[in-house]
>>> print(open('model-v7.cif').read())   # mmCIF, C-alpha atoms
data_start
loop_
_atom_site.label_atom_id
_atom_site.label_comp_id
_atom_site.auth_asym_id
_atom_site.auth_seq_id
_atom_site.Cartn_x
_atom_site.Cartn_y
_atom_site.Cartn_z
CA MET R 1 170.11 91.04 186.97
CA SER R 2 168.30 90.22 190.19
CA PHE R 3 167.94 86.56 191.19
CA LEU R 4 165.14 84.84 193.05
CA ARG R 5 166.41 83.08 196.16
CA THR R 6 164.71 80.19 197.90
CA VAL R 7 165.79 77.93 200.74
CA LEU R 8 165.75 74.16 200.19
CA ASN R 9 167.08 71.74 202.81
CA ASP R 10 168.92 74.55 204.62
CA SER R 11 170.90 75.40 201.47
CA LEU R 12 170.53 78.51 199.34
CA ILE R 13 168.95 77.87 195.93
CA ILE R 14 169.20 80.72 193.44
CA HIS R 15 166.71 80.80 190.58
CA PRO R 16 167.13 83.50 187.92
CA PRO R 17 164.15 85.37 186.45
CA GLY R 18 164.79 83.51 183.21
CA PHE R 19 167.26 82.42 180.55
CA TYR R 20 168.50 83.76 177.23
CA ILE R 21 168.48 81.29 174.32
CA ILE R 22 171.53 82.02 172.18
CA GLY R 23 171.90 79.22 169.60
CA PHE R 24 172.74 79.76 165.91
CA GLU R 25 175.13 82.66 166.59
CA THR R 26 177.59 81.87 163.78
CA PHE R 27 175.06 81.34 160.96
CA PRO R 28 174.66 84.53 158.86
CA PHE R 29 171.42 83.62 157.04
CA ILE R 30 169.69 81.71 159.81
CA SER R 31 166.42 83.62 159.29
CA VAL R 32 165.91 81.60 156.08
CA TYR R 33 166.05 78.43 158.16
CA PHE R 34 163.29 79.63 160.47
CA ILE R 35 161.11 80.63 157.52
CA PHE R 36 161.58 77.03 156.36
CA LEU R 37 160.59 75.80 159.85
CA LEU R 38 157.44 77.93 159.63
CA PHE R 39 156.55 76.06 156.44
CA VAL R 40 157.35 72.75 158.20
CA TYR R 41 155.02 73.68 161.04
CA VAL R 42 152.14 74.58 158.72
CA VAL R 43 152.53 71.25 156.89
CA THR R 44 152.71 69.42 160.24
CA VAL R 45 149.48 70.99 161.48
CA LEU R 46 147.55 70.51 158.22
CA PHE R 47 148.45 66.90 157.48
CA ASN R 48 148.37 65.57 161.03
CA SER R 49 145.03 67.31 161.63
CA LEU R 50 143.73 65.68 158.44
CA VAL R 51 144.84 62.24 159.64
CA ILE R 52 143.26 62.78 163.07
CA TYR R 53 140.00 64.02 161.53
CA VAL R 54 139.76 61.11 159.06
CA ILE R 55 140.34 58.46 161.74
CA VAL R 56 138.19 60.00 164.49
CA PHE R 57 135.15 60.63 162.28
CA ASN R 58 135.20 57.28 160.45
CA HIS R 59 133.87 54.51 162.61
CA CYS R 60 135.38 51.87 160.31
CA LEU R 61 138.87 53.06 161.30
CA HIS R 62 138.31 52.61 165.03
CA THR R 63 140.67 49.65 165.21
CA ALA R 64 143.91 48.88 167.04
CA LYS R 65 146.06 49.68 164.00
CA PHE R 66 144.54 53.11 163.45
CA LEU R 67 144.59 53.91 167.16
CA ALA R 68 148.38 53.57 166.89
CA VAL R 69 148.37 55.79 163.80
CA VAL R 70 146.24 58.53 165.37
CA ASN R 71 148.40 58.35 168.49
CA LEU R 72 151.45 59.15 166.35
CA ALA R 73 149.61 62.00 164.59
CA VAL R 74 148.58 63.60 167.90
CA ILE R 75 152.13 63.34 169.23
CA ASP R 76 153.58 64.81 166.02
CA LEU R 77 151.19 67.75 166.22
CA PHE R 78 152.02 68.56 169.84
CA LEU R 79 155.76 67.93 169.46
CA ASN R 80 156.26 70.55 166.77
CA THR R 81 153.80 72.91 168.48
CA SER R 82 155.90 72.75 171.64
CA ILE R 83 159.07 73.86 169.86
CA ILE R 84 158.70 75.55 166.44
CA PRO R 85 156.58 78.61 167.46
CA SER R 86 159.01 79.23 170.32
CA MET R 87 162.00 78.99 167.98
CA ILE R 88 160.44 81.45 165.54
CA LYS R 89 159.73 83.86 168.39
CA THR R 90 163.27 83.47 169.76
CA PHE R 91 165.36 83.70 166.61
CA LEU R 92 163.21 85.24 163.88
CA VAL R 93 161.48 87.87 166.03
CA LYS R 94 164.68 88.26 168.15
CA ASP R 95 162.92 87.79 171.50
CA ASN R 96 165.24 85.26 173.13
CA PHE R 97 164.36 85.71 176.82
CA ILE R 98 162.27 82.99 178.45
CA PRO R 99 161.10 83.14 182.10
CA PHE R 100 162.39 80.43 184.45
CA ASN R 101 159.05 78.67 185.00
CA LEU R 102 158.14 78.86 181.32
CA CYS R 103 161.53 77.35 180.54
CA LEU R 104 160.70 74.30 182.66
CA VAL R 105 157.26 74.03 181.04
CA GLN R 106 158.77 74.07 177.56
CA MET R 107 161.39 71.54 178.62
CA PHE R 108 158.70 69.25 180.03
CA PHE R 109 156.43 69.26 176.96
CA TYR R 110 159.25 68.92 174.44
CA TYR R 111 160.81 65.91 176.14
CA MET R 112 157.48 64.34 176.96
CA PHE R 113 156.29 64.36 173.35
CA GLY R 114 159.78 63.44 172.12
CA THR R 115 159.63 60.39 174.38
CA LEU R 116 156.13 59.56 173.20
CA GLU R 117 157.27 59.87 169.57
CA SER R 118 159.93 57.23 170.18
CA TYR R 119 157.50 54.84 171.84
CA ALA R 120 154.80 55.49 169.21
CA LEU R 121 157.17 54.19 166.52
CA ALA R 122 157.80 51.12 168.70
CA ILE R 123 154.03 50.60 168.99
CA LEU R 124 153.70 50.67 165.20
CA ALA R 125 156.50 48.08 164.99
CA TYR R 126 154.54 45.93 167.46
CA ASP R 127 151.47 46.20 165.23
CA ARG R 128 153.50 45.05 162.19
CA LEU R 129 155.05 42.23 164.24
CA ILE R 130 151.67 40.82 165.26
CA ALA R 131 150.16 41.28 161.79
CA ILE R 132 152.95 39.43 159.97
CA CYS R 133 154.19 36.86 162.51
CA PHE R 134 150.77 35.94 163.93
CA PRO R 135 148.29 36.66 161.10
CA LEU R 136 145.66 34.15 162.27
CA ARG R 137 145.68 35.51 165.83
CA HIS R 138 146.13 39.16 164.92
CA ASN R 139 142.55 40.22 165.67
CA SER R 140 142.54 38.41 169.01
CA ILE R 141 145.96 39.59 170.21
CA ASN R 142 146.03 43.15 168.90
CA THR R 143 142.59 44.32 169.96
CA LEU R 144 141.41 47.89 170.37
CA ARG R 145 141.35 47.38 174.13
CA SER R 146 144.90 46.02 174.32
CA MET R 147 146.20 48.81 172.07
CA SER R 148 144.43 51.39 174.23
CA CYS R 149 146.19 49.97 177.29
CA ILE R 150 149.58 50.07 175.56
CA VAL R 151 149.09 53.68 174.42
CA GLY R 152 147.80 54.69 177.85
CA LEU R 153 150.80 53.09 179.57
CA THR R 154 153.28 54.90 177.32
CA TRP R 155 151.61 58.25 178.01
CA SER R 156 151.60 57.60 181.77
CA PHE R 157 155.21 56.45 181.70
CA ALA R 158 156.38 59.48 179.69
CA LEU R 159 154.46 61.84 181.93
CA GLY R 160 156.02 60.35 185.07
CA ILE R 161 159.67 60.18 184.04
CA ILE R 162 159.72 63.59 182.34
CA ALA R 163 157.92 65.21 185.29
CA PHE R 164 160.61 63.79 187.58
CA SER R 165 163.53 64.88 185.38
CA THR R 166 162.06 68.37 184.97
CA GLY R 167 161.14 68.68 188.64
CA ILE R 168 164.68 68.08 189.88
CA MET R 169 165.81 71.10 187.84
CA THR R 170 164.32 73.26 190.60
CA GLN R 171 167.05 71.96 192.95
CA LEU R 172 169.78 73.61 190.89
CA SER R 173 171.21 77.00 191.73
CA PHE R 174 172.09 79.45 188.93
CA CYS R 175 174.36 82.16 190.23
CA SER R 176 176.31 83.28 187.15
CA SER R 177 175.46 82.65 183.48
CA VAL R 178 171.89 82.42 182.20
CA ARG R 179 172.81 82.02 178.51
CA VAL R 180 171.53 78.68 177.17
CA PHE R 181 173.39 77.59 174.06
CA SER R 182 170.65 75.66 172.28
CA TYR R 183 167.51 76.24 170.22
CA PHE R 184 165.17 75.99 173.23
CA CYS R 185 165.33 75.46 177.01
CA ASP R 186 167.30 72.25 176.54
CA TYR R 187 167.89 69.93 179.48
CA ALA R 188 171.67 69.46 179.40
CA PRO R 189 172.64 73.01 178.37
CA VAL R 190 170.51 74.35 181.25
CA PHE R 191 171.79 72.11 184.04
CA ARG R 192 175.38 72.73 182.92
CA LEU R 193 174.88 76.39 183.86
CA ALA R 194 174.27 75.46 187.51
CA CYS R 195 176.84 76.41 190.12
CA ASN R 196 176.00 73.51 192.44
CA ASP R 197 176.34 69.77 191.88
CA TYR R 198 174.39 68.42 188.90
CA THR R 199 175.56 64.80 188.99
CA LEU R 200 171.98 63.59 189.47
CA HIS R 201 170.84 65.53 186.40
CA TRP R 202 173.69 64.20 184.27
CA SER R 203 172.87 60.63 185.34
CA THR R 204 169.18 61.24 184.65
CA ALA R 205 169.89 62.61 181.17
CA THR R 206 172.10 59.61 180.33
CA PHE R 207 169.58 57.10 181.67
CA LEU R 208 166.62 58.70 179.88
CA THR R 209 168.54 58.85 176.59
CA PHE R 210 169.09 55.11 176.87
CA LEU R 211 165.54 54.40 178.05
CA ASN R 212 163.71 56.61 175.56
CA LEU R 213 165.84 56.14 172.46
CA VAL R 214 167.94 52.98 172.69
CA VAL R 215 165.31 50.69 174.24
CA PRO R 216 162.50 51.45 171.73
CA PHE R 217 165.00 51.33 168.86
CA ALA R 218 166.27 47.94 170.05
CA PHE R 219 162.68 46.67 170.29
CA ILE R 220 162.04 47.82 166.72
CA LEU R 221 165.19 46.04 165.49
CA LEU R 222 164.20 42.82 167.26
CA SER R 223 160.69 43.11 165.82
CA TYR R 224 162.02 43.39 162.29
CA ILE R 225 164.42 40.49 162.82
CA SER R 226 161.39 38.37 163.79
CA ILE R 227 159.46 39.74 160.81
CA LEU R 228 162.30 38.86 158.41
CA VAL R 229 162.55 35.35 159.81
CA THR R 230 158.80 34.87 159.30
CA VAL R 231 158.85 36.39 155.80
CA PHE R 232 161.69 34.20 154.54
CA ARG R 233 159.83 31.13 155.78
CA MET R 234 156.95 31.97 153.44
CA LYS R 235 156.88 29.74 150.38
CA SER R 236 155.30 32.25 148.02
CA LEU R 237 157.46 35.08 146.68
CA ASP R 238 154.36 37.20 146.21
CA SER R 239 153.48 36.77 149.90
CA ARG R 240 157.00 37.82 150.91
CA VAL R 241 156.84 40.96 148.79
CA LYS R 242 153.41 41.93 150.12
CA ALA R 243 154.47 41.40 153.73
CA LEU R 244 157.64 43.47 153.36
CA ALA R 245 155.78 46.17 151.43
CA THR R 246 153.61 46.86 154.47
CA CYS R 247 156.76 47.68 156.48
CA VAL R 248 158.57 50.04 154.09
CA GLU R 249 156.91 53.26 155.25
CA HIS R 250 157.45 52.44 158.92
CA ILE R 251 161.12 51.67 158.31
CA ILE R 252 161.48 55.11 156.69
CA LEU R 253 159.93 56.76 159.77
CA VAL R 254 162.29 54.86 162.06
CA ALA R 255 165.32 55.86 160.00
CA VAL R 256 164.28 59.53 159.82
CA PHE R 257 163.71 59.75 163.58
CA TYR R 258 166.31 57.53 165.26
CA ILE R 259 169.42 57.67 163.08
CA PRO R 260 169.96 61.47 163.22
CA LEU R 261 169.18 61.69 166.95
CA ILE R 262 171.37 58.76 167.98
CA THR R 263 174.21 60.02 165.78
CA ILE R 264 174.00 63.58 167.10
CA PHE R 265 173.72 62.51 170.74
CA THR R 266 176.64 60.10 170.41
CA ILE R 267 179.02 62.30 168.39
CA GLY R 268 177.99 65.72 169.65
CA PHE R 269 176.68 65.31 173.18
CA TYR R 270 178.98 62.63 174.57
CA LEU R 271 182.07 62.54 172.34
CA ARG R 272 181.88 66.28 171.49
CA LEU R 273 183.37 65.73 168.04
CA ILE R 274 181.00 68.14 166.29
CA ASP R 275 180.90 71.93 166.26
CA PRO R 276 178.36 73.23 168.86
CA ASP R 277 176.52 75.40 166.31
CA GLN R 278 176.28 72.51 163.87
CA ARG R 279 175.05 70.25 166.67
CA VAL R 280 172.28 72.71 167.55
CA LEU R 281 171.25 73.10 163.90
CA SER R 282 171.33 69.35 163.24
CA LEU R 283 169.42 68.51 166.42
CA SER R 284 166.72 71.10 165.73
CA LEU R 285 166.29 69.77 162.19
CA ALA R 286 166.21 66.16 163.42
CA SER R 287 163.53 67.10 165.96
CA CYS R 288 161.23 69.11 163.67
CA ILE R 289 161.29 67.15 160.39
CA PRO R 290 159.90 63.73 161.51
CA PRO R 291 156.52 65.10 162.74
CA CYS R 292 156.14 66.79 159.34
CA VAL R 293 157.19 63.73 157.33
CA ASN R 294 155.29 61.08 159.30
CA PRO R 295 151.74 61.76 158.06
CA ILE R 296 152.92 62.11 154.45
CA VAL R 297 155.11 59.01 154.35
CA TYR R 298 153.08 56.70 156.58
CA SER R 299 149.55 57.73 157.47
CA LEU R 300 148.39 59.14 154.14
CA LYS R 301 150.01 56.21 152.31
CA THR R 302 147.77 53.78 154.22
CA LYS R 303 145.02 52.70 151.82
CA GLU R 304 142.06 53.21 154.17
CA ILE R 305 143.19 56.70 155.23
CA LYS R 306 144.14 57.67 151.68
CA ILE R 307 140.69 56.74 150.33
CA ARG R 308 138.87 58.76 152.97
CA ALA R 309 141.25 61.72 152.81
CA LEU R 310 140.83 61.99 149.02
CA ALA R 311 137.07 61.64 149.40
CA LEU R 312 137.07 64.44 151.98
CA VAL R 313 139.10 66.74 149.73
CA ARG R 314 136.88 66.05 146.72
CA GLN R 315 133.76 66.58 148.80
CA ASN R 316 135.02 70.00 149.92
CA LYS R 317 135.88 70.94 146.34
CA ILE R 318 132.57 69.97 144.77
CA GLY R 319 130.29 70.32 147.79
CA THR R 320 129.01 73.80 146.93
CA PRO R 321 128.01 73.09 143.30
CA GLN R 322 126.29 69.87 144.35
CA THR R 323 124.36 71.71 147.04
CA ASN R 324 123.21 74.38 144.59
CA GLN R 325 122.23 71.72 142.05
CA GLN R 326 120.18 69.82 144.62
CA LYS R 327 118.42 73.02 145.66
CA SER R 328 117.49 73.77 142.04
CA ASN R 329 116.31 70.20 141.42
CA PRO R 330 115.20 68.66 144.74
CA LEU R 331 113.71 65.57 143.02
CA ARG R 332 117.12 64.48 141.74
CA VAL R 333 118.85 62.09 144.13
CA ASN R 334 122.44 60.94 143.88
CA LYS R 335 122.43 57.14 143.93
CA THR R 336 125.76 57.00 145.69
CA GLN R 337 124.22 58.81 148.64
CA GLN R 338 121.41 56.32 149.18
CA LYS R 339 123.52 53.93 151.28
CA PRO R 340 126.53 54.66 153.45
CA ILE R 341 129.60 52.77 152.27
CA CYS R 342 132.18 51.43 154.70
CA LEU R 343 135.41 50.35 153.02
CA CYS R 344 137.21 48.69 155.88
CA SER R 345 139.96 46.16 155.46
CA GLU R 346 139.34 42.90 157.20
#
>>> encode(input="model-v7.cif", output="structure tokens")
Amino acid sequence: MSFLRTVLNDSLIIHPPGFYIIGFETFPFISVYFIFLLFVYVVTVLFNSLVIYVIVFNHCLHTAKFLAVVNLAVIDLFLNTSIIPSMIKTFLVKDNFIPFNLCLVQMFFYYMFGTLESYALAILAYDRLIAICFPLRHNSINTLRSMSCIVGLTWSFALGIIAFSTGIMTQLSFCSSVRVFSYFCDYAPVFRLACNDYTLHWSTATFLTFLNLVVPFAFILLSYISILVTVFRMKSLDSRVKALATCVEHIILVAVFYIPLITIFTIGFYLRLIDPDQRVLSLSLASCIPPCVNPIVYSLKTKEIKIRALALVRQNKIGTPQTNQQKSNPLRVNKTQQKPICLCSE
């Protein structure tokens, strides 16, 4: 295989034409897993698109809370789009070669939206914190403008740090193996193939793991400690139950996303106490399932979104007969259509 050679700071940098993704070698029926991932991707696209459509086209839902929800839905959609089609192409279609530049592009988008996913869950925890601990000041603290700034800052931050970590990959020289043992162009498995010093990349990976997983997770834990303190100070048992009930779905999302990733990174990546194939399988599952589960567990369980989503589905089901009936009897007017109804929670 011929290698592309470039000169950087008077040293020879060797970039290969591309890499070969070779994960899942020891699993005999792995094609069944990727058929399952295809189903996961279809569900991810359908349900997150429904959530985005319902929020964007309902003016009543243009609030800080639902900006955080639609932010999560957009991230979920792009996160699985950045990885699942590529995995199906690589392992189900058996086309496992990826060009060098495309490898860096895939690496950038996967880690950018993975980072944004982590911070989006922290933003939802912030929304719950303000709503429960400061109920009288909720509308003045958590405004649409302030939430827009928070979301914009997280996107800018993720874009900057992931662009840096991906950009320094071009300083590595690959002069021997180009076989990446993972389910995509993964950061650590790629830089470990380099034949020059990758201390900077190892330090960057460790720092970003802490910054993008541990810090948001710690913020979420502190938020829920504050929430619990506030809830147990409430005199009414009914108020306590209602306050905690609004947090159940978010806690499920946090558990589904953080616990598998932190466990796999700790046991498999640093301690290396897990089989490499099992680590790859577990990590791919932990990455692809949350974007599929999030809209079902959280967004579509929210009363305002649920009402409008069901109304949209029913409208699509009965829209054609109603149209035909109105054409046959134009003098008949549906009373429910005389005034637009806006069912927004205060």
>>> resolve_selection(input="model-v7.cif", expression="the PyMOL selection byres ((chain R and resi 137-149) around 12)", output="JSON, numbers by chain")
{"R": [61, 62, 63, 64, 65, 66, 67, 68, 69, 70, 71, 120, 123, 124, 126, 127, 128, 129, 130, 131, 132, 133, 134, 135, 136, 150, 151, 152, 153, 154, 155, 156, 157, 346]}
>>> closest_residue(input="model-v7.cif", among="R:Pro16, R:Pro291, R:Gly160, R:Pro189", to="R:Ser173", atoms="all atoms listed in the file")
R:Pro16
>>> residues_near_point(input="model-v7.cif", point="(157.9, 46.5, 168.3)", cutoff="6 Å", atoms="all atoms listed in the file", output="list in words")
Ala122, Ile123, Ala125, Tyr126, Phe219, Ile220 and Ser223 of chain R
>>> closest_residue(input="model-v7.cif", among="R:Pro99, R:Gly23, R:Pro295, R:Gly167", to="R:Ser282", atoms="all atoms listed in the file")
R:Gly23
>>> atom_distance(input="model-v7.cif", atom1="atom CA of R:Val178", atom2="atom CA of R:Phe19")
4.9 Å
>>> resolve_selection(input="model-v7.cif", expression="the PyMOL selection byres ((chain R and resi 50-58) around 10)", output="PyMOL selection string")
chain R and resi 44-49+59-63+66-67+69-74+77+295-296+299-300+304-309+312-313+342+344
>>> resolve_selection(input="model-v7.cif", expression="the PyMOL selection byres ((chain R and resi 34-38) around 8)", output="number ranges by chain")
R: 30-33, 39-42, 84-85, 87-88, 91-92, 288
